>>> print(open('upload-v7.txt').read())   # compact mmCIF, C-alpha atoms and all ligand atoms
# COMPACT_ATOMS: atom_id res chain seq x y z
CA MET A 698 11.70 3.75 12.67
CA HIS A 699 8.25 3.20 14.20
CA ASP A 700 8.23 6.22 16.48
CA ARG A 701 5.35 8.46 15.35
CA SER A 702 7.15 11.72 15.98
CA ALA A 703 10.40 10.58 14.33
CA ILE A 704 8.48 9.51 11.22
CA ALA A 705 6.48 12.74 11.25
CA THR A 706 9.63 14.86 11.54
CA ALA A 707 11.40 13.11 8.67
CA LEU A 708 8.31 13.23 6.45
CA ALA A 709 7.61 16.86 7.31
CA ALA A 710 11.10 17.76 6.11
CA ARG A 711 10.31 16.15 2.76
CA ILE A 712 6.99 17.99 2.52
CA ALA A 713 8.61 21.32 3.47
CA ALA A 714 11.06 20.84 0.58
CA ALA A 715 8.42 19.55 -1.85
CA HIS A 716 6.84 21.52 -4.67
CA ARG A 717 3.75 19.32 -4.85
CA VAL A 718 2.23 16.85 -2.42
CA LEU A 719 -0.56 14.40 -3.15
CA VAL A 720 -2.89 12.70 -0.68
CA LEU A 721 -4.51 9.55 -2.04
CA SER A 722 -7.27 8.52 0.36
CA GLY A 723 -9.57 5.56 0.74
CA ALA A 724 -12.30 4.45 3.13
CA GLY A 725 -9.86 4.23 6.05
CA MET A 726 -9.61 8.03 5.89
CA SER A 727 -13.27 8.22 6.97
CA ALA A 728 -13.21 5.31 9.46
CA GLU A 729 -12.46 7.52 12.48
CA SER A 730 -15.41 9.69 11.52
CA GLY A 731 -17.59 6.65 12.10
CA ILE A 732 -18.12 5.69 8.45
CA ALA A 733 -17.60 1.95 7.86
CA THR A 734 -14.88 0.87 5.46
CA PHE A 735 -15.77 -1.62 2.75
CA ARG A 736 -13.56 -4.56 3.68
CA GLY A 737 -12.90 -4.00 7.36
CA GLY A 738 -13.60 -7.41 8.82
CA ASP A 739 -17.14 -8.39 9.79
CA HIS A 740 -18.26 -4.77 10.25
CA GLY A 741 -17.11 -3.73 6.77
CA LEU A 742 -19.84 -2.68 4.37
CA TRP A 743 -19.11 -5.50 1.95
CA ALA A 744 -19.17 -8.02 4.81
CA ARG A 745 -22.67 -6.89 5.75
CA PHE A 746 -24.10 -6.12 2.33
CA ASP A 747 -23.55 -7.65 -1.09
CA PRO A 748 -21.90 -5.12 -3.42
CA GLN A 749 -23.32 -6.96 -6.41
CA ALA A 750 -26.82 -6.50 -4.98
CA LEU A 751 -26.40 -2.80 -4.22
CA ALA A 752 -23.53 -1.13 -6.08
CA THR A 753 -23.97 -2.13 -9.73
CA PRO A 754 -26.06 -0.86 -12.67
CA GLU A 755 -27.69 -4.30 -12.81
CA ALA A 756 -28.81 -3.98 -9.17
CA TRP A 757 -30.26 -0.54 -9.97
CA ARG A 758 -32.19 -1.92 -12.94
CA ALA A 759 -33.43 -4.91 -10.93
CA ASP A 760 -34.44 -3.13 -7.70
CA ALA A 761 -33.88 0.64 -7.72
CA PRO A 762 -35.85 1.21 -4.46
CA LEU A 763 -33.55 -1.18 -2.57
CA VAL A 764 -30.41 0.49 -4.00
CA TRP A 765 -31.79 4.00 -3.47
CA GLY A 766 -32.85 3.15 0.09
CA TRP A 767 -29.37 1.84 0.88
CA TYR A 768 -27.65 4.98 -0.48
CA ARG A 769 -30.10 7.18 1.43
CA TRP A 770 -29.01 5.29 4.57
CA ARG A 771 -25.37 5.93 3.62
CA MET A 772 -26.10 9.61 2.94
CA ALA A 773 -27.70 9.97 6.40
CA GLY A 774 -24.58 8.38 7.91
CA VAL A 775 -22.32 10.88 6.17
CA ARG A 776 -24.55 13.80 7.13
CA ASP A 777 -24.28 12.67 10.79
CA ALA A 778 -20.50 12.23 10.56
CA GLN A 779 -17.93 14.96 11.15
CA PRO A 780 -14.47 15.34 9.61
CA HIS A 781 -11.78 14.30 12.11
CA ALA A 782 -8.41 15.79 13.00
CA GLY A 783 -6.80 13.96 10.09
CA HIS A 784 -9.07 15.63 7.53
CA ARG A 785 -8.40 18.98 9.19
CA ALA A 786 -4.64 18.34 9.21
CA ILE A 787 -4.64 17.81 5.43
CA ALA A 788 -6.55 21.05 4.92
CA ALA A 789 -4.18 22.88 7.30
CA MET A 790 -1.05 21.57 5.53
CA ALA A 791 -2.46 22.80 2.22
CA SER A 792 -1.93 26.37 3.45
CA ARG A 793 1.78 25.58 3.86
CA ALA A 794 2.47 23.33 0.86
CA GLU A 795 0.76 22.67 -2.45
CA ILE A 796 -1.36 19.67 -1.49
CA ALA A 797 -3.94 17.98 -3.75
CA VAL A 798 -6.37 15.30 -2.60
CA VAL A 799 -7.43 12.39 -4.79
CA THR A 800 -9.96 10.23 -2.99
CA GLN A 801 -11.80 7.00 -3.65
CA ASN A 802 -14.35 8.11 -1.07
CA VAL A 803 -17.75 9.39 -2.06
CA ASP A 804 -18.32 11.29 1.17
CA ASP A 805 -17.65 15.03 1.51
CA LEU A 806 -15.52 14.99 4.66
CA HIS A 807 -12.36 16.32 2.98
CA GLU A 808 -14.33 19.30 1.67
CA ARG A 809 -16.09 19.88 4.98
CA ALA A 810 -12.67 19.96 6.68
CA GLY A 811 -11.57 22.71 4.29
CA SER A 812 -9.76 20.89 1.48
CA VAL A 813 -10.53 22.61 -1.83
CA ASP A 814 -8.63 20.66 -4.49
CA VAL A 815 -10.38 17.28 -4.09
CA VAL A 816 -10.69 14.78 -6.95
CA HIS A 817 -13.35 12.11 -6.45
CA LEU A 818 -12.32 9.05 -8.48
CA HIS A 819 -15.43 7.07 -7.56
CA GLY A 820 -17.92 9.93 -7.71
CA GLU A 821 -19.77 11.71 -4.97
CA LEU A 822 -22.64 10.43 -2.87
CA PHE A 823 -24.50 13.75 -2.94
CA ALA A 824 -23.97 14.48 -6.65
CA LEU A 825 -27.44 13.15 -7.45
CA ARG A 826 -28.36 12.91 -11.11
CA CYS A 827 -30.96 11.43 -13.43
CA ASP A 828 -30.16 7.94 -14.70
CA ARG A 829 -31.53 8.89 -18.13
CA CYS A 830 -30.74 12.56 -18.90
CA ASP A 831 -27.94 13.10 -16.33
CA MET A 832 -29.59 16.27 -15.01
CA ARG A 833 -28.36 17.13 -11.51
CA ALA A 834 -30.95 16.69 -8.76
CA GLY A 835 -31.30 18.12 -5.28
CA GLU A 836 -31.04 15.97 -2.15
CA PRO A 837 -34.44 14.93 -0.78
CA PRO A 838 -35.17 15.72 2.87
CA PRO A 839 -33.24 13.35 5.18
CA ARG A 840 -34.92 10.13 6.27
CA VAL A 841 -34.97 9.60 10.00
CA ASP A 842 -33.86 6.24 11.44
CA ALA A 843 -34.47 4.36 8.23
CA ALA A 844 -32.91 0.90 8.05
CA ALA A 845 -30.13 0.27 5.56
CA THR A 846 -32.27 -2.08 3.50
CA GLU A 847 -35.52 -0.14 3.75
CA ARG A 848 -36.70 0.39 0.21
CA GLU A 849 -37.52 3.89 -1.00
CA THR A 850 -38.74 4.87 -4.46
CA PRO A 851 -36.10 7.08 -6.08
CA PRO A 852 -37.36 10.55 -7.09
CA ALA A 853 -38.55 10.86 -10.69
CA CYS A 854 -36.86 13.21 -13.11
CA VAL A 855 -38.96 15.44 -15.40
CA CYS A 856 -37.67 13.37 -18.33
CA GLY A 857 -39.16 10.22 -16.81
CA GLY A 858 -35.84 8.89 -15.58
CA ARG A 859 -34.97 8.20 -11.94
CA VAL A 860 -32.62 10.09 -9.65
CA ARG A 861 -29.52 8.02 -8.68
CA PRO A 862 -26.49 8.68 -6.47
CA GLY A 863 -23.51 10.21 -8.27
CA VAL A 864 -21.21 7.33 -7.37
CA VAL A 865 -19.29 5.02 -9.74
CA TRP A 866 -20.76 1.52 -9.49
CA PHE A 867 -18.82 -1.66 -10.09
CA GLY A 868 -18.61 -2.13 -13.85
CA GLU A 869 -18.95 1.59 -14.57
CA SER A 870 -16.07 3.74 -15.81
CA LEU A 871 -14.41 6.35 -13.67
CA PRO A 872 -15.19 9.99 -14.57
CA GLU A 873 -12.63 10.72 -17.31
CA ALA A 874 -11.74 14.21 -16.13
CA ALA A 875 -11.23 12.97 -12.56
CA TRP A 876 -8.94 10.17 -13.73
CA ARG A 877 -6.91 12.53 -15.90
CA ARG A 878 -6.45 14.92 -12.97
CA ALA A 879 -5.48 12.04 -10.67
CA VAL A 880 -2.85 10.78 -13.12
CA ALA A 881 -1.50 14.31 -13.58
CA HIS A 882 -1.19 14.77 -9.83
CA ALA A 883 0.44 11.35 -9.37
CA GLY A 884 2.93 12.02 -12.14
CA SER A 885 4.01 15.41 -10.82
CA SER A 886 4.12 15.10 -7.03
CA ASP A 887 7.28 14.93 -4.92
CA VAL A 888 5.58 13.29 -1.92
CA VAL A 889 2.50 11.06 -1.96
CA LEU A 890 0.59 10.09 1.20
CA VAL A 891 -1.55 6.98 0.59
CA VAL A 892 -4.05 7.01 3.45
CA GLY A 893 -6.55 4.28 4.34
CA THR A 894 -6.91 2.18 1.23
CA SER A 895 -6.57 -1.57 0.80
CA GLY A 896 -5.15 -1.02 -2.68
CA LEU A 897 -7.48 -3.66 -4.07
CA VAL A 898 -9.49 -1.66 -6.59
CA GLN A 899 -8.06 -0.59 -9.92
CA PRO A 900 -7.29 1.77 -11.48
CA ALA A 901 -7.00 3.82 -8.27
CA ALA A 902 -4.58 1.26 -6.80
CA SER A 903 -2.14 1.89 -9.66
CA LEU A 904 -1.59 5.56 -8.71
CA PRO A 905 1.03 5.06 -5.95
CA GLY A 906 3.19 2.97 -8.28
CA LEU A 907 2.79 5.51 -11.07
CA ALA A 908 3.84 8.31 -8.70
CA ARG A 909 6.83 6.36 -7.39
CA ARG A 910 8.05 5.60 -10.91
CA ALA A 911 7.78 9.33 -11.63
CA GLY A 912 10.09 10.02 -8.69
CA ALA A 913 7.73 10.63 -5.77
CA PHE A 914 8.47 9.52 -2.20
CA VAL A 915 5.44 7.37 -1.38
CA VAL A 916 4.26 6.84 2.20
CA GLU A 917 1.37 4.57 3.17
CA ILE A 918 -0.51 5.56 6.34
CA ASN A 919 -2.54 2.54 7.38
CA PRO A 920 -2.61 0.27 10.47
CA GLN A 921 -2.64 -2.75 8.13
CA PRO A 922 -0.70 -1.77 4.99
CA GLY A 923 -2.38 -2.56 1.70
CA PHE A 924 0.64 -2.12 -0.55
CA ARG A 925 3.73 -4.32 -0.82
CA ALA A 926 6.97 -3.05 0.69
CA ASP A 927 8.43 -2.68 -2.82
CA GLU A 928 5.49 -0.46 -3.88
CA VAL A 929 5.98 2.25 -1.26
CA ASP A 930 9.00 3.95 0.34
CA LEU A 931 7.60 3.90 3.87
CA HIS A 932 4.79 2.15 5.74
CA TRP A 933 3.56 4.35 8.59
CA ARG A 934 1.53 1.86 10.61
CA ASP A 935 -0.84 4.31 12.19
CA THR A 936 -4.35 5.67 11.76
CA ALA A 937 -5.31 8.74 9.76
CA ALA A 938 -6.58 10.68 12.76
CA HIS A 939 -3.34 10.11 14.68
CA ALA A 940 -0.63 10.27 12.01
CA LEU A 941 -1.83 13.26 9.97
CA PRO A 942 -2.15 15.76 12.86
CA GLU A 943 1.31 14.70 14.06
CA LEU A 944 2.63 15.32 10.54
CA ALA A 945 0.95 18.72 10.30
CA ALA A 946 2.41 19.75 13.69
CA ALA A 947 5.90 18.65 12.63
CA LEU A 948 5.54 20.62 9.39
CA ASP A 949 4.44 23.72 11.31
CA ALA A 950 7.40 23.39 13.66
CA GLN A 951 9.90 23.03 10.82
CA LEU A 952 8.50 25.96 8.85
CA ALA A 953 8.49 28.12 12.01
CA GLU A 954 12.11 27.19 12.68
CA ALA A 955 13.09 27.88 9.08
CA SER A 956 11.49 31.32 9.18
CA GLY A 957 13.46 32.09 12.34
N1 LIG B 1001 -6.73 4.99 9.35
C1 LIG B 1001 -6.09 4.59 8.22
N2 LIG B 1001 -6.42 3.47 7.52
C2 LIG B 1001 -7.44 2.73 8.01
C3 LIG B 1001 -8.15 3.07 9.19
C4 LIG B 1001 -7.76 4.27 9.85
N3 LIG B 1001 -8.39 4.66 10.98
N4 LIG B 1001 -9.12 2.13 9.40
C5 LIG B 1001 -9.01 1.23 8.39
N5 LIG B 1001 -7.99 1.58 7.57
C6 LIG B 1001 -7.55 0.92 6.33
C7 LIG B 1001 -7.74 -0.57 6.32
O1 LIG B 1001 -6.60 -1.22 6.87
C8 LIG B 1001 -7.85 -0.84 4.81
O2 LIG B 1001 -6.55 -1.04 4.25
O3 LIG B 1001 -8.37 1.41 5.30
C9 LIG B 1001 -8.45 0.44 4.25
C10 LIG B 1001 -9.88 0.31 3.81
O4 LIG B 1001 -9.92 -0.56 2.71
P1 LIG B 1001 -11.30 -0.77 1.92
O5 LIG B 1001 -12.40 -0.98 2.89
O6 LIG B 1001 -11.02 -1.80 0.86
O7 LIG B 1001 -11.58 0.64 1.25
P2 LIG B 1001 -10.94 1.23 -0.08
O8 LIG B 1001 -9.53 0.79 -0.26
O9 LIG B 1001 -11.19 2.70 -0.06
O10 LIG B 1001 -11.86 0.56 -1.23
C11 LIG B 1001 -11.65 1.00 -2.56
O11 LIG B 1001 -13.57 -0.27 -3.26
O12 LIG B 1001 -15.69 -0.94 -2.65
C12 LIG B 1001 -14.98 -0.11 -3.50
O13 LIG B 1001 -15.65 1.93 -4.46
C13 LIG B 1001 -15.32 1.33 -3.25
O14 LIG B 1001 -13.86 3.25 -3.16
C14 LIG B 1001 -14.02 1.92 -2.70
C15 LIG B 1001 -12.97 1.00 -3.29
>>> encode(input="upload-v7.txt", output="structure tokens", more="lines below")
Ligand code: APR
Amino acid sequence: MHDRSAIATALAARIAAAHRVLVLSGAGMSAESGIATFRGGDHGLWARFDPQALATPEAWRADAPLVWGWYRWRMAGVRDAQPHAGHRAIAAMASRAEIAVVTQNVDDLHERAGSVDVVHLHGELFALRCDRCDMRAGEPPPRVDAAATERETPPACVCGGRVRPGVVWFGESLPEAAWRRAVAHAGSSDVVLVVGTSGLVQPAASLPGLARRAGAFVVEINPQPGFRADEVDLHWRDTAAHALPELAAALDAQLAEASG
């Protein structure tokens, strides 16, 4: 069953009958907004930059201006990006079904598309905070046309610490409250849409299996599936910006028909 509309119709029927739906998203959810994924071939972020040199506490201690400059480049990219029809479809479906979003992404595209119940497992790019006292900090004025590896001294905090991005670096723990909410959603959802993740990074990658064991119908939306066939109920080999609007339209049609 690889016909987009047939898949959308069958899945919409499940969502229409569901009490709770969960969207688990990864970098592929933002790809069609022009934000590079991490492992997407030679244009992926980790193909072009070394995560150990940029996304670890050790890298921050060794060369904070390089790390800060790179995240400022990523922030500018997100500020220039727009949510796509897939982000908007998730927000639209949430007015028809109870839909929660748990994302590995640190961008704010789900929120800018209108999603309100968004759990960020790996933190948030714009949640700037001091690396010593944790005080929240405002975003500095955008840099124009700065190169990804152009160093920039991170702002100083009044306590003498330095302002860092609010993301979870490799080797750091996930925010406890976010993880608890993600597990609660996974354990209580009837349908789970796993969108745009390679399923390589734990513990986020364990959530679809947890949901499935708790009885959820798990669908992966990804051109190149990241999960094994025995880990999901359905692979929808499509992109986020194509599949999700089709799903939202099918859900609308079924709810309109049901209401006569
Ligand atoms: N629509 C849906 N899926 C897509 C699209 C698209 N348009 N484009 C790419 N994909 C899929 C790819 O096939 C791949 O499976 O998105 C996935 C992206 O995988 P990764 O780049 O590994 O991103 P992700 O799974 O989110 O990485 C998890 O790793 O580097 C860390 O903290 C970082 O949160 C990130 C985590």
>>> residues_near_ligand(input="upload-v7.txt", ligand="ligand LIG 1001 (chain B)", cutoff="7 Å", atoms="only C-alpha atoms and all ligand atoms", output="NGL selection string")
:A and (723-726 or 728-729 or 734-737 or 741 or 801-802 or 819 or 892-898 or 918-923 or 935-938)
>>> residues_near_point(input="upload-v7.txt", point="(-15.6, 19.3, 6.0)", cutoff="10 Å", atoms="all atoms listed in the file", output="list in words")
Ala778, Gln779, Pro780, His781, His784, Arg785, Ala788, Asp804, Asp805, Leu806, His807, Glu808, Arg809, Ala810, Gly811, Ser812 and Val813 of chain A
>>> residues_near_point(input="upload-v7.txt", point="(-31.6, -0.1, 8.0)", cutoff="12 Å", atoms="all atoms listed in the file", output="PyMOL selection string")
chain A and resi 745-746+763+766-771+773-774+840-849
>>> closest_residue(input="upload-v7.txt", among="A:Arg909, A:Arg717, A:Arg701, A:Arg861", to="Pro754 of chain A", atoms="all atoms listed in the file")
A:Arg861
>>> closest_residue(input="upload-v7.txt", among="A:Gly738, A:Pro852, A:Pro900, A:Pro837", to="Glu873 of chain A", atoms="only C-alpha atoms")
A:Pro900
>>> atom_distance(input="upload-v7.txt", atom1="atom CA of Arg829 of chain A", atom2="atom CA of Arg758 of chain A")
12.0 Å
>>> closest_residue(input="upload-v7.txt", among="A:Pro838, A:Gly863, A:Gly858, A:Pro942", to="Phe823 of chain A", atoms="all atoms listed in the file")
A:Gly863
>>> residues_around(input="upload-v7.txt", residues="segment 718-722 of chain A", least_positions_apart="6", cutoff="9 Å", atoms="all atoms listed in the file", output="PDB file with C-alpha atoms, in the coordinates of the input")
ATOM      1  CA  ILE A 712       6.990  17.990   2.520  1.00  0.00           C
ATOM      2  CA  ILE A 787      -4.640  17.810   5.430  1.00  0.00           C
ATOM      3  CA  ALA A 791      -2.460  22.800   2.220  1.00  0.00           C
ATOM      4  CA  ALA A 794       2.470  23.330   0.860  1.00  0.00           C
ATOM      5  CA  GLU A 795       0.760  22.670  -2.450  1.00  0.00           C
ATOM      6  CA  ILE A 796      -1.360  19.670  -1.490  1.00  0.00           C
ATOM      7  CA  ALA A 797      -3.940  17.980  -3.750  1.00  0.00           C
ATOM      8  CA  VAL A 798      -6.370  15.300  -2.600  1.00  0.00           C
ATOM      9  CA  VAL A 799      -7.430  12.390  -4.790  1.00  0.00           C
ATOM     10  CA  THR A 800      -9.960  10.230  -2.990  1.00  0.00           C
ATOM     11  CA  GLN A 801     -11.800   7.000  -3.650  1.00  0.00           C
ATOM     12  CA  ASN A 802     -14.350   8.110  -1.070  1.00  0.00           C
ATOM     13  CA  HIS A 882      -1.190  14.770  -9.830  1.00  0.00           C
ATOM     14  CA  ALA A 883       0.440  11.350  -9.370  1.00  0.00           C
ATOM     15  CA  SER A 885       4.010  15.410 -10.820  1.00  0.00           C
ATOM     16  CA  SER A 886       4.120  15.100  -7.030  1.00  0.00           C
ATOM     17  CA  ASP A 887       7.280  14.930  -4.920  1.00  0.00           C
ATOM     18  CA  VAL A 888       5.580  13.290  -1.920  1.00  0.00           C
ATOM     19  CA  VAL A 889       2.500  11.060  -1.960  1.00  0.00           C
ATOM     20  CA  LEU A 890       0.590  10.090   1.200  1.00  0.00           C
ATOM     21  CA  VAL A 891      -1.550   6.980   0.590  1.00  0.00           C
ATOM     22  CA  VAL A 892      -4.050   7.010   3.450  1.00  0.00           C
ATOM     23  CA  GLY A 893      -6.550   4.280   4.340  1.00  0.00           C
ATOM     24  CA  THR A 894      -6.910   2.180   1.230  1.00  0.00           C
ATOM     25  CA  ALA A 901      -7.000   3.820  -8.270  1.00  0.00           C
ATOM     26  CA  LEU A 904      -1.590   5.560  -8.710  1.00  0.00           C
ATOM     27  CA  PRO A 905       1.030   5.060  -5.950  1.00  0.00           C
ATOM     28  CA  ALA A 913       7.730  10.630  -5.770  1.00  0.00           C
TER      29      ALA A 913
END
>>> closest_residue(input="upload-v7.txt", among="A:Ala703, A:Ala750, A:Leu818, A:Leu931", to="Glu869 of chain A", atoms="all atoms listed in the file")
A:Leu818
>>> closest_residue(input="upload-v7.txt", among="A:Ala947, A:Cys856, A:Val815, A:Val864", to="Val803 of chain A", atoms="all atoms listed in the file")
A:Val864
>>> closest_residue(input="upload-v7.txt", among="A:Ala824, A:Val865, A:Ala834, A:Ala945", to="Ala752 of chain A", atoms="all atoms listed in the file")
A:Val865
>>> axis_aligned_box(input="upload-v7.txt", around="segment 714-729 of chain A", padding_each_side="8 Å", output="AutoDock Vina command-line options")
--center_x -1.1 --center_y 12.9 --center_z 3.8 --size_x 40.3 --size_y 33.3 --size_z 33.3
>>> atom_distance(input="upload-v7.txt", atom1="atom CA of Pro862 of chain A", atom2="atom CA of Leu822 of chain A")
5.6 Å
>>> atom_distance(input="upload-v7.txt", atom1="atom CA of Ile704 of chain A", atom2="atom CA of Gly912 of chain A")
20.0 Å
>>> build_atoms(input="upload-v7.txt", residues="segment 783-795 of chain A", atoms="N, CA, C and O atoms", output="PDB file, in the coordinates of the input")
ATOM      1  N   GLY A 783      -7.623  14.299  11.255  1.00  0.00           N
ATOM      2  CA  GLY A 783      -6.800  13.960  10.090  1.00  0.00           C
ATOM      3  C   GLY A 783      -7.238  14.723   8.856  1.00  0.00           C
ATOM      4  O   GLY A 783      -6.423  15.251   8.093  1.00  0.00           O
ATOM      5  N   HIS A 784      -8.555  14.828   8.654  1.00  0.00           N
ATOM      6  CA  HIS A 784      -9.070  15.630   7.530  1.00  0.00           C
ATOM      7  C   HIS A 784      -8.624  17.090   7.697  1.00  0.00           C
ATOM      8  O   HIS A 784      -8.181  17.747   6.751  1.00  0.00           O
ATOM      9  N   ARG A 785      -8.755  17.572   8.941  1.00  0.00           N
ATOM     10  CA  ARG A 785      -8.400  18.980   9.190  1.00  0.00           C
ATOM     11  C   ARG A 785      -6.905  19.210   9.016  1.00  0.00           C
ATOM     12  O   ARG A 785      -6.464  20.262   8.530  1.00  0.00           O
ATOM     13  N   ALA A 786      -6.103  18.200   9.349  1.00  0.00           N
ATOM     14  CA  ALA A 786      -4.640  18.340   9.210  1.00  0.00           C
ATOM     15  C   ALA A 786      -4.272  18.482   7.728  1.00  0.00           C
ATOM     16  O   ALA A 786      -3.422  19.295   7.361  1.00  0.00           O
ATOM     17  N   ILE A 787      -4.922  17.708   6.873  1.00  0.00           N
ATOM     18  CA  ILE A 787      -4.640  17.810   5.430  1.00  0.00           C
ATOM     19  C   ILE A 787      -4.990  19.212   4.933  1.00  0.00           C
ATOM     20  O   ILE A 787      -4.206  19.859   4.224  1.00  0.00           O
ATOM     21  N   ALA A 788      -6.147  19.701   5.347  1.00  0.00           N
ATOM     22  CA  ALA A 788      -6.550  21.050   4.920  1.00  0.00           C
ATOM     23  C   ALA A 788      -5.562  22.094   5.457  1.00  0.00           C
ATOM     24  O   ALA A 788      -5.176  23.030   4.742  1.00  0.00           O
ATOM     25  N   ALA A 789      -5.113  21.911   6.696  1.00  0.00           N
ATOM     26  CA  ALA A 789      -4.180  22.880   7.300  1.00  0.00           C
ATOM     27  C   ALA A 789      -2.829  22.862   6.573  1.00  0.00           C
ATOM     28  O   ALA A 789      -2.253  23.909   6.259  1.00  0.00           O
ATOM     29  N   MET A 790      -2.362  21.668   6.217  1.00  0.00           N
ATOM     30  CA  MET A 790      -1.050  21.570   5.530  1.00  0.00           C
ATOM     31  C   MET A 790      -1.117  22.215   4.152  1.00  0.00           C
ATOM     32  O   MET A 790      -0.127  22.730   3.643  1.00  0.00           O
ATOM     33  N   ALA A 791      -2.333  22.234   3.581  1.00  0.00           N
ATOM     34  CA  ALA A 791      -2.460  22.800   2.220  1.00  0.00           C
ATOM     35  C   ALA A 791      -2.219  24.304   2.221  1.00  0.00           C
ATOM     36  O   ALA A 791      -2.013  24.913   1.174  1.00  0.00           O
ATOM     37  N   SER A 792      -2.245  24.930   3.437  1.00  0.00           N
ATOM     38  CA  SER A 792      -1.930  26.370   3.450  1.00  0.00           C
ATOM     39  C   SER A 792      -0.413  26.562   3.585  1.00  0.00           C
ATOM     40  O   SER A 792       0.085  27.687   3.567  1.00  0.00           O
ATOM     41  N   ARG A 793       0.323  25.482   3.720  1.00  0.00           N
ATOM     42  CA  ARG A 793       1.780  25.580   3.860  1.00  0.00           C
ATOM     43  C   ARG A 793       2.526  24.889   2.717  1.00  0.00           C
ATOM     44  O   ARG A 793       3.710  25.071   2.532  1.00  0.00           O
ATOM     45  N   ALA A 794       1.844  24.035   1.996  1.00  0.00           N
ATOM     46  CA  ALA A 794       2.470  23.330   0.860  1.00  0.00           C
ATOM     47  C   ALA A 794       1.380  23.104  -0.172  1.00  0.00           C
ATOM     48  O   ALA A 794       0.191  23.134   0.164  1.00  0.00           O
ATOM     49  N   GLU A 795       1.771  22.910  -1.412  1.00  0.00           N
ATOM     50  CA  GLU A 795       0.760  22.670  -2.450  1.00  0.00           C
ATOM     51  C   GLU A 795       0.292  21.220  -2.337  1.00  0.00           C
ATOM     52  O   GLU A 795       1.034  20.304  -2.714  1.00  0.00           O
TER      53      GLU A 795
END
